[in-house]
>>> print(open('run26.txt').read())   # compact mmCIF, C-alpha atoms
# COMPACT_ATOMS: atom_id res chain seq x y z
CA MET P 1 52.46 -54.72 -49.77
CA ASN P 2 55.28 -52.71 -51.18
CA ILE P 3 53.96 -49.44 -52.47
CA ASP P 4 57.14 -48.43 -54.18
CA ARG P 5 57.37 -51.67 -56.05
CA GLU P 6 53.77 -51.42 -57.20
CA LEU P 7 54.26 -47.85 -58.21
CA GLN P 8 57.40 -48.68 -60.16
CA ALA P 9 55.48 -51.39 -61.94
CA ALA P 10 52.63 -49.00 -62.69
CA LEU P 11 55.02 -46.41 -64.05
CA ASP P 12 57.05 -48.88 -66.06
CA VAL P 13 55.46 -47.71 -69.25
CA ASP P 14 57.53 -46.70 -72.23
CA PRO P 15 56.47 -44.35 -74.95
CA SER P 16 55.77 -45.69 -78.36
CA PRO P 17 58.75 -46.19 -80.67
CA GLU P 18 57.47 -43.36 -82.84
CA PHE P 19 57.42 -40.91 -79.97
CA VAL P 20 60.94 -39.53 -80.44
CA ALA P 21 60.39 -39.32 -84.19
CA ARG P 22 57.17 -37.38 -83.62
CA VAL P 23 58.97 -35.00 -81.31
CA ARG P 24 61.66 -34.49 -83.92
CA MET P 25 59.03 -33.69 -86.53
CA ARG P 26 57.38 -31.28 -84.17
CA ILE P 27 60.71 -29.60 -83.44
CA ALA P 28 61.44 -29.33 -87.14
CA SER P 29 58.31 -27.23 -87.57
CA GLU P 30 59.33 -24.96 -84.69
CA PRO P 31 61.33 -21.79 -85.20
CA PRO P 32 64.96 -22.06 -84.14
CA PRO P 33 65.75 -21.42 -80.50
CA ARG P 34 65.65 -17.75 -79.65
CA ARG P 35 68.94 -16.06 -79.18
CA TRP P 36 68.11 -14.24 -76.04
CA GLY P 37 71.68 -13.21 -75.45
CA PHE P 38 72.04 -11.45 -78.76
CA ALA P 39 68.47 -10.15 -78.71
CA TRP P 40 69.02 -8.82 -75.22
CA MET P 41 72.10 -6.96 -76.37
CA VAL P 42 70.28 -5.50 -79.35
CA VAL P 43 67.38 -4.36 -77.20
CA ALA P 44 69.73 -2.87 -74.63
CA ALA P 45 71.73 -1.07 -77.32
CA GLY P 46 68.55 0.29 -78.86
CA ALA P 47 67.28 1.52 -75.54
CA ALA P 48 70.61 3.17 -74.78
CA ALA P 49 70.64 4.84 -78.19
CA ALA P 50 67.09 6.09 -77.68
CA VAL P 51 68.03 7.57 -74.32
CA VAL P 52 71.07 9.29 -75.80
CA VAL P 53 69.04 10.70 -78.68
CA ALA P 54 66.36 11.92 -76.29
CA VAL P 55 68.97 13.66 -74.13
CA VAL P 56 70.66 15.26 -77.13
CA VAL P 57 67.38 16.45 -78.62
CA THR P 58 66.25 17.86 -75.28
CA ARG P 59 69.50 19.75 -74.87
CA ALA P 60 69.39 21.02 -78.43
CA VAL P 61 65.88 22.37 -77.94
CA GLY P 62 66.96 24.05 -74.74
CA GLU P 63 69.96 25.66 -76.40
CA ARG P 64 67.81 26.77 -79.31
CA LYS P 65 65.47 28.50 -76.94
CA GLY P 66 68.39 30.18 -75.21
CA SER P 67 69.89 31.37 -78.47
CA ALA P 68 66.55 32.73 -79.62
CA GLU P 69 66.34 34.87 -76.54
CA LEU P 70 69.87 36.07 -77.14
CA LEU P 71 69.05 37.01 -80.72
CA ALA P 72 66.01 38.88 -79.58
CA SER P 73 68.17 41.00 -77.37
CA ARG P 74 70.53 41.67 -80.25
CA VAL P 75 67.83 43.07 -82.43
CA LEU P 76 68.21 46.31 -80.58
CA PRO P 77 71.01 47.80 -82.69
CA THR P 78 69.28 46.97 -85.92
CA VAL P 79 67.51 49.34 -88.15
CA MET P 80 64.31 48.71 -89.91
CA ALA P 81 62.99 49.58 -93.25
CA LEU P 82 59.94 48.79 -95.22
CA ILE P 83 59.36 48.49 -98.85
CA ASP P 84 56.24 49.89 -100.21
CA PRO P 85 55.42 47.66 -103.12
CA GLY P 86 53.69 50.54 -104.84
CA SER P 87 56.71 52.77 -104.77
CA PRO P 88 58.60 52.96 -108.03
CA LYS P 89 61.88 53.04 -106.24
CA GLY P 90 60.87 50.24 -104.06
CA LEU P 91 61.63 51.99 -100.82
CA ARG P 92 59.35 54.28 -98.91
CA TYR P 93 59.01 55.01 -95.31
CA ASP P 94 55.85 55.99 -93.65
CA ASP P 95 54.49 55.97 -90.18
CA HIS P 96 53.98 52.26 -90.30
CA ALA P 97 57.52 51.65 -91.25
CA ALA P 98 58.81 52.91 -87.99
CA ASP P 99 57.22 50.18 -86.04
CA ALA P 100 57.25 47.44 -88.54
CA THR P 101 60.26 45.26 -88.72
CA GLY P 102 64.00 45.22 -88.43
CA VAL P 103 66.67 45.73 -90.99
CA THR P 104 70.28 45.27 -90.19
CA GLN P 105 72.25 48.41 -90.40
CA SER P 106 75.76 49.44 -90.00
CA SER P 107 77.18 50.06 -86.64
CA ARG P 108 77.15 53.77 -87.28
CA ILE P 109 73.41 53.80 -87.05
CA ALA P 110 73.29 51.29 -84.37
CA SER P 111 71.38 53.52 -82.08
CA ALA P 112 68.43 53.60 -84.36
CA THR P 113 66.34 50.69 -83.37
CA ALA P 114 63.55 48.89 -84.99
CA VAL P 115 60.34 47.84 -83.48
CA ALA P 116 59.11 44.48 -84.51
CA GLN P 117 55.44 43.99 -84.44
CA PRO P 118 54.66 40.41 -85.20
CA SER P 119 51.69 40.88 -87.51
CA ARG P 120 53.42 43.37 -89.72
CA ALA P 121 56.80 41.82 -89.48
CA ALA P 122 55.41 38.58 -90.68
CA SER P 123 54.52 40.11 -94.01
CA ALA P 124 57.48 42.38 -94.36
CA ALA P 125 60.35 40.93 -96.23
CA VAL P 126 62.38 44.02 -96.54
CA VAL P 127 65.17 44.82 -98.88
CA ALA P 128 66.86 48.15 -98.95
CA GLN P 129 66.98 48.65 -102.66
CA PRO P 130 69.35 51.61 -102.94
CA PHE P 131 71.92 49.92 -100.81
CA ARG P 132 71.88 46.99 -103.11
CA ALA P 133 73.55 49.18 -105.65
CA ALA P 134 76.68 49.09 -103.60
CA LYS P 135 79.35 47.27 -105.51
CA GLU P 136 81.48 45.88 -102.77
CA PRO P 137 79.94 43.22 -100.63
CA GLU P 138 81.55 44.44 -97.45
CA SER P 139 80.36 47.94 -98.21
CA SER P 140 76.85 46.86 -98.71
CA ARG P 141 77.06 45.00 -95.49
CA ALA P 142 78.34 48.08 -93.74
CA ALA P 143 75.84 50.43 -95.22
CA SER P 144 72.76 48.42 -94.53
CA ALA P 145 71.13 45.80 -96.31
CA ALA P 146 68.61 43.23 -96.90
CA VAL P 147 66.73 41.74 -94.13
CA VAL P 148 64.17 39.10 -94.24
CA ALA P 149 61.80 39.28 -91.40
CA GLN P 150 61.21 35.88 -89.90
CA PRO P 151 57.56 35.62 -88.98
CA PHE P 152 57.95 32.77 -86.55
CA ARG P 153 60.66 34.59 -84.69
CA ALA P 154 59.01 37.96 -84.83
CA ALA P 155 56.01 36.52 -83.11
CA LYS P 156 58.19 35.72 -80.14
CA GLU P 157 60.27 38.89 -80.08
CA PRO P 158 59.44 41.41 -77.43
CA GLU P 159 58.26 44.83 -78.44
CA ILE P 160 61.12 47.29 -78.56
CA LEU P 161 60.52 50.93 -77.91
CA VAL P 162 62.40 53.45 -80.03
CA ASP P 163 62.96 57.06 -79.40
CA SER P 164 60.76 58.93 -81.86
CA ARG P 165 63.52 61.41 -82.60
CA GLU P 166 65.92 58.68 -83.59
CA ALA P 167 63.29 57.05 -85.70
CA ALA P 168 62.47 60.34 -87.40
CA ALA P 169 66.14 61.06 -88.02
CA PHE P 170 66.67 57.66 -89.51
CA ARG P 171 63.59 58.02 -91.66
CA ARG P 172 64.90 61.29 -92.99
CA LEU P 173 68.26 59.73 -93.68
CA LEU P 174 66.79 56.89 -95.63
CA ALA P 175 64.38 59.18 -97.44
CA GLY P 176 67.27 61.39 -98.47
CA VAL P 177 69.22 58.43 -99.69
CA SER P 178 66.30 57.09 -101.64
CA ALA P 179 65.65 60.55 -103.15
CA GLY P 180 69.26 60.92 -104.07
CA ARG P 181 69.82 63.91 -101.85
CA ILE P 182 72.24 62.11 -99.64
CA ASP P 183 75.16 60.21 -101.04
CA LEU P 184 76.48 57.45 -98.82
CA ASN P 185 78.90 56.05 -101.31
CA HIS P 186 81.80 57.65 -99.59
CA MET P 187 80.81 55.76 -96.48
CA LEU P 188 80.84 52.55 -98.35
CA LYS P 189 84.42 52.98 -99.47
CA PRO P 190 87.10 52.11 -97.02
CA SER P 191 88.92 55.21 -95.92
CA PRO P 192 92.63 55.00 -96.58
CA PHE P 193 94.70 55.31 -93.51
CA VAL P 194 97.64 57.55 -94.20
CA MET P 195 100.49 57.50 -91.81
CA ALA P 196 101.67 60.86 -93.00
CA ASP P 197 98.57 62.53 -91.71
CA ILE P 198 99.71 62.03 -88.21
CA ALA P 199 101.86 64.82 -87.00
CA PRO P 200 105.11 63.83 -85.42
CA VAL P 201 105.19 64.02 -81.70
CA GLU P 202 107.17 66.93 -80.42
CA ASP P 203 109.43 66.74 -77.47
CA ILE P 204 108.04 68.12 -74.28
CA ASP P 205 110.26 70.23 -72.13
CA ILE P 206 109.61 69.80 -68.48
CA THR P 207 111.16 72.31 -66.16
CA PRO P 208 112.69 70.59 -63.17
CA LEU P 209 111.03 71.41 -59.89
CA SER P 210 112.98 72.98 -57.07
CA ILE P 211 111.86 72.42 -53.54
CA GLU P 212 112.88 74.93 -50.96
CA PRO P 213 113.44 73.75 -47.38
CA LEU P 214 110.94 75.00 -44.82
CA SER P 215 112.14 77.78 -42.59
CA PRO P 216 111.81 77.18 -38.84
CA GLY P 217 108.96 79.14 -37.32
CA GLY P 218 107.34 79.60 -40.63
CA GLU P 219 104.26 78.08 -42.08
CA GLY P 220 103.22 74.89 -40.35
CA ALA P 221 105.17 75.56 -37.14
CA ARG P 222 103.34 75.06 -33.87
CA PRO P 223 103.14 77.94 -31.52
CA MET T 1 88.78 -12.25 -91.33
CA HIS T 2 86.24 -9.57 -90.61
CA VAL T 3 83.93 -9.73 -87.64
CA ALA T 4 80.86 -10.07 -89.84
CA GLU T 5 82.41 -12.96 -91.73
CA SER T 6 83.42 -14.68 -88.54
CA LEU T 7 79.90 -14.26 -87.19
CA ALA T 8 78.41 -15.60 -90.38
CA VAL T 9 80.66 -18.60 -90.13
CA SER T 10 80.20 -19.17 -86.41
CA THR T 11 76.41 -18.80 -86.26
CA PRO T 12 75.51 -21.98 -88.19
CA SER T 13 78.01 -24.00 -86.22
CA MET T 14 76.52 -22.63 -83.03
CA ASP T 15 73.08 -23.65 -84.17
CA GLU T 16 74.32 -27.08 -85.14
CA GLU T 17 75.89 -27.50 -81.74
CA LEU T 18 72.62 -26.54 -80.09
CA GLU T 19 70.74 -28.98 -82.26
CA ARG T 20 73.09 -31.76 -81.27
CA GLU T 21 72.75 -30.94 -77.60
CA PHE T 22 68.98 -30.88 -77.84
CA GLU T 23 68.93 -34.18 -79.66
CA ALA T 24 70.96 -35.71 -76.84
CA ARG T 25 68.57 -34.29 -74.24
CA LEU T 26 65.60 -35.56 -76.20
CA VAL T 27 66.92 -39.09 -76.38
CA GLU T 28 67.87 -39.34 -72.74
CA SER T 29 64.80 -37.53 -71.32
CA SER T 30 61.98 -38.67 -73.54
CA THR T 31 61.02 -41.56 -71.27
CA LEU T 32 61.18 -39.35 -68.19
CA ALA T 33 58.86 -36.76 -69.71
CA PHE T 34 56.50 -39.43 -70.97
CA ARG T 35 56.26 -41.18 -67.60
CA VAL T 36 55.72 -37.94 -65.73
CA ALA T 37 52.85 -37.14 -68.08
CA TYR T 38 51.58 -40.70 -67.85
CA SER T 39 51.52 -40.56 -64.06
CA VAL T 40 49.02 -37.74 -64.32
CA LEU T 41 47.01 -38.72 -67.38
CA ARG T 42 47.40 -42.52 -67.51
CA GLN T 43 46.67 -42.39 -71.18
CA ARG T 44 49.53 -43.29 -73.46
CA GLN T 45 48.48 -41.09 -76.33
CA ASP T 46 47.69 -38.10 -74.14
CA ALA T 47 50.95 -38.55 -72.26
CA GLU T 48 52.87 -38.56 -75.53
CA ASP T 49 51.10 -35.42 -76.71
CA VAL T 50 51.86 -33.61 -73.49
CA ALA T 51 55.49 -34.74 -73.45
CA GLN T 52 55.83 -33.66 -77.05
CA GLU T 53 54.47 -30.25 -76.21
CA ALA T 54 56.89 -29.96 -73.31
CA PHE T 55 59.81 -30.78 -75.60
CA ALA T 56 58.64 -28.19 -78.08
CA LYS T 57 58.60 -25.56 -75.36
CA ALA T 58 61.99 -26.70 -74.17
CA TYR T 59 63.35 -26.37 -77.68
CA ARG T 60 62.17 -22.76 -77.92
CA SER T 61 64.05 -21.89 -74.76
CA PHE T 62 66.89 -24.31 -75.13
CA ARG T 63 69.57 -21.64 -75.02
CA GLN T 64 68.72 -21.14 -71.37
CA LEU T 65 68.40 -24.87 -70.73
CA ARG T 66 71.64 -26.19 -72.08
CA ASP T 67 72.74 -27.49 -68.71
CA ARG T 68 71.63 -31.12 -68.36
CA GLU T 69 70.30 -30.99 -64.82
CA ARG T 70 68.58 -27.72 -65.42
CA PHE T 71 67.00 -29.09 -68.58
CA ARG T 72 65.65 -32.20 -66.86
CA ALA T 73 64.28 -30.26 -63.91
CA TRP T 74 62.63 -27.75 -66.22
CA LEU T 75 61.25 -30.56 -68.38
CA VAL T 76 59.74 -32.39 -65.41
CA ARG T 77 58.05 -29.28 -64.06
CA MET T 78 56.78 -28.24 -67.49
CA THR T 79 55.50 -31.70 -68.31
CA TRP T 80 53.77 -31.99 -64.97
CA ARG T 81 52.11 -28.60 -65.40
CA LEU T 82 51.02 -29.33 -68.95
CA ALA T 83 49.64 -32.70 -67.91
CA ILE T 84 47.66 -31.16 -65.07
CA ASP T 85 46.30 -28.51 -67.43
CA HIS T 86 45.51 -31.14 -70.02
CA ARG T 87 43.68 -33.24 -67.50
CA ARG T 88 41.70 -30.29 -66.19
CA GLY T 89 40.83 -29.09 -69.63
CA ASP T 90 39.92 -32.39 -71.09
CA ARG T 91 36.16 -32.66 -71.10
CA ARG T 92 36.32 -36.22 -72.22
CA ARG T 93 38.34 -37.23 -69.20
CA SER T 94 35.48 -39.00 -67.50
CA ALA T 95 34.72 -41.08 -70.51
CA ARG T 96 38.35 -42.00 -70.93
CA GLU T 97 38.68 -43.02 -67.31
CA LEU T 98 35.79 -45.38 -67.82
CA THR T 99 37.60 -46.91 -70.75
CA ALA T 100 41.02 -46.86 -69.20
CA GLU T 101 43.71 -48.86 -70.84
CA THR T 102 43.61 -52.48 -70.11
CA PRO T 103 46.40 -54.88 -70.85
CA ALA T 104 46.11 -56.55 -74.16
CA GLY T 105 45.20 -60.17 -74.26
CA PRO T 106 42.56 -62.27 -72.62
CA ALA T 107 41.30 -61.09 -69.26
CA THR T 108 42.27 -63.56 -66.62
CA ALA T 109 41.71 -63.47 -62.89
CA ASP T 110 45.26 -62.34 -62.29
CA THR T 111 45.10 -59.56 -64.79
CA LEU T 112 41.79 -58.37 -63.46
CA GLU T 113 43.12 -58.40 -59.95
CA GLY T 114 46.23 -56.56 -61.03
CA GLN T 115 44.19 -54.01 -62.89
CA GLU T 116 42.07 -53.49 -59.85
CA ARG T 117 45.10 -52.97 -57.65
CA ALA T 118 46.57 -50.55 -60.15
CA ASP T 119 43.37 -48.58 -60.24
CA ARG T 120 43.31 -48.37 -56.48
CA LEU T 121 46.93 -47.30 -56.44
CA TRP T 122 46.34 -44.55 -58.97
CA ALA T 123 43.26 -43.41 -57.12
CA ALA T 124 45.34 -43.19 -53.93
CA ILE T 125 48.07 -41.28 -55.73
CA ASP T 126 45.54 -38.90 -57.19
CA ALA T 127 44.29 -38.22 -53.69
CA LEU T 128 47.73 -36.94 -52.64
CA PRO T 129 48.60 -33.27 -52.72
CA ASP T 130 50.63 -32.22 -55.73
CA LYS T 131 53.93 -31.87 -53.86
CA LEU T 132 53.69 -35.36 -52.37
CA ARG T 133 52.52 -36.84 -55.63
CA VAL T 134 55.43 -35.41 -57.64
CA ALA T 135 57.94 -36.64 -55.10
CA ILE T 136 56.60 -40.18 -54.94
CA VAL T 137 56.24 -40.46 -58.71
CA LEU T 138 59.72 -39.16 -59.46
CA ALA T 139 61.22 -41.41 -56.82
CA ASN T 140 59.77 -44.39 -58.65
CA ILE T 141 60.76 -43.38 -62.17
CA GLU T 142 64.08 -44.52 -63.58
CA GLY T 143 65.37 -45.36 -60.14
CA HIS T 144 65.86 -41.76 -59.04
CA ASP T 145 67.36 -41.43 -55.59
CA THR T 146 66.49 -38.69 -53.11
CA ALA T 147 69.18 -36.31 -54.36
CA GLU T 148 68.03 -36.66 -57.94
CA VAL T 149 64.43 -36.06 -56.97
CA ALA T 150 65.52 -33.00 -55.01
CA ALA T 151 67.37 -31.71 -58.07
CA LEU T 152 64.41 -32.34 -60.33
CA VAL T 153 61.89 -30.71 -58.02
CA GLY T 154 64.21 -27.92 -56.91
CA VAL T 155 63.90 -28.41 -53.17
CA PRO T 156 66.37 -29.55 -50.50
CA ILE T 157 67.01 -33.24 -50.00
CA GLY T 158 65.54 -33.15 -46.50
CA THR T 159 62.31 -31.80 -47.87
CA VAL T 160 62.16 -34.62 -50.41
CA LYS T 161 62.76 -37.21 -47.69
CA SER T 162 60.00 -35.72 -45.60
CA ARG T 163 57.59 -35.63 -48.51
CA LEU T 164 58.36 -39.21 -49.49
CA PHE T 165 57.78 -40.39 -45.95
CA VAL T 166 54.44 -38.61 -45.67
CA ALA T 167 53.39 -39.79 -49.13
CA ARG T 168 54.12 -43.42 -48.34
CA GLN T 169 52.25 -43.20 -45.06
CA ARG T 170 49.18 -41.76 -46.73
CA LEU T 171 49.27 -44.29 -49.55
CA LYS T 172 49.39 -47.08 -47.04
CA GLU T 173 46.41 -45.64 -45.25
CA LEU T 174 44.50 -45.21 -48.48
CA LEU T 175 45.28 -48.66 -49.82
CA GLN T 176 44.46 -50.57 -46.65
>>> encode(input="run26.txt", output="C-alpha cells")
Amino acid sequence: MNIDRELQAALDVDPSPEFVARVRMRIASEPPPRRWGFAWMVVAAGAAAAVVVAVVVTRAVGERKGSAELLASRVLPTVMALIDPGSPKGLRYDDHAADATGVTQSSRIASATAVAQPSRAASAAVVAQPFRAAKEPESSRAASAAVVAQPFRAAKEPEILVDSREAAAFRRLLAGVSAGRIDLNHMLKPSPFVMADIAPVEDIDITPLSIEPLSPGGEGARP
Amino acid sequence: MHVAESLAVSTPSMDEELEREFEARLVESSTLAFRVAYSVLRQRQDAEDVAQEAFAKAYRSFRQLRDRERFRAWLVRMTWRLAIDHRRGDRRRSARELTAETPAGPATADTLEGQERADRLWAAIDALPDKLRVAIVLANIEGHDTAEVAALVGVPIGTVKSRLFVARQRLKELLQ
C-alpha cells in the first residue's frame, strides 16, 4: 500500500472548466485592489498635519493668554471716563465713573488710573466726546480718546486701586473740559521747537589750582 | 509634464499591470487552490466556491501579494482556512457526506472497492491534526517537494520532513 500514491490519486481532481471564468466574473465585481502604499502616505500626512495644527493652536492659545495678562498690566496708565447717556453733552462724571472702566489717555495723565469693574465695564462703551472735536488725529490720540470697554476682557482684568486724590483731580479736569472752563487745545497742538530759544553756552573760566609743597614739621608730620 | 499629469497617466498602466499579474497568478494557482479546498471539503462545488472566495480576497490585497511565492503561500493558507470554516459552518455537511460524490458510470466491484478505499483514506486524513494534514496534502498536490511545501506552509524544511514522516506513520496505522 502506497499512501502517497493513493493520496495523489484522490487529490487528482481538477476544477470545472468554468471555474477560472467564474473567478474572473467574481473579481470583476470586486473593487480594485487597495492602494495601501498611497493610502498609508495620505493617512500619515493627515496625521502629521493634525499634530502640527494641534501644536500650533496650543501655542497660540498659550501666547494669547500671556498677552492678555500683559495687557492687563498695561491698563494701569490709562484713564477712564464714562458717558452718561442722559447728559446733553454726552460726558459726565460721577462717583460711579471713577471705578467704572478705562479710557486711554495721554501720557501726561498717565498717573491717573482707571478701575475696571467687570459688570460696569461690560456695559460701558465710552467715548470722550469733547476730545473728538480735536482736528488732528495725532492730537486726539494724545489728548485722550475713545475707548471701547471689552466685556470679555474686563471680566478677567484684576481690580486696580486708584488714589482718590488722583481720581478726583482727573474728574475735575474732565469736568472743566466738558464745561468749557479748561481749554486743552493748546496741548493738542505740537509745540514748535525753536532753536533760538536756547541761550548760547558761555565759556567758563576755571582758575588754575596751585598746590603748595608741605613744609617739614608742619601738618601731618609725626612727632 | 506636470506631476499630476504623470500620475494620471501612470495610474491606469499600474492598474493594468496589476491586473495582468493577477491573471497570471489565477491561471497558475487555480488548481492548487481548488485541490486544497477539495482536500478539506471533498465536494467539487463547495471547493470551487471556497477557492473563488480565496481568490477574491487575494485580489483585494494583491498589492501586498505580488510576489509569486508569497501569493501561493497566502492563497494556500487562506483557502485552507476558508475551507475549514466552510466545513464547520455547513449544517448540511452530514447529509452531503452521506451522498458523497461517486464516480459517474455503472458501479462495478472495482469502483466500489476503490470508493471504499478512498473513503477510508479521507477518514484517516481527517483524523490527522491540521499541521500534519496540510503537509501531507500539499506534498501530494502538483508534485510539490519538501522545499515547496515548506515555502507554502511557512515553516522550515526540517519541520516539513518531520511532519510528513509522522503523518505517513499515522496514516499507515489508521489504514491497516
>>> closest_residue(input="run26.txt", among="T:Leu132, T:Val160, T:Val149, T:Leu32", to="chain P", atoms="all atoms listed in the file")
T:Leu32
>>> residues_around(input="run26.txt", residues="T:Trp80", least_positions_apart="4", cutoff="7 Å", atoms="only C-alpha atoms", output="ChimeraX atom specification")
/T:36-37,76,84
>>> atom_distance(input="run26.txt", atom1="atom CA of P:Gln8", atom2="atom CA of T:Asn140")
5.1 Å
>>> atom_distance(input="run26.txt", atom1="atom CA of T:Phe34", atom2="atom CA of T:Ala47")
5.8 Å
>>> interface_residues(input="run26.txt", of="chain T", to="chain P", cutoff="10 Å", atoms="all atoms listed in the file", output="PyMOL selection string")
chain T and resi 15+18-19+23+26-27+30-36+38-39+42+44-45+47-49+51-64+114-115+117-119+121-122+125+136-143+168-169+171-172+175-176
>>> atom_distance(input="run26.txt", atom1="atom CA of T:Ser162", atom2="atom CA of T:Ala150")
11.2 Å
>>> closest_residue(input="run26.txt", among="T:Leu65, T:Leu75, T:Ala127, T:Val50", to="T:Leu152", atoms="all atoms listed in the file")
T:Leu75
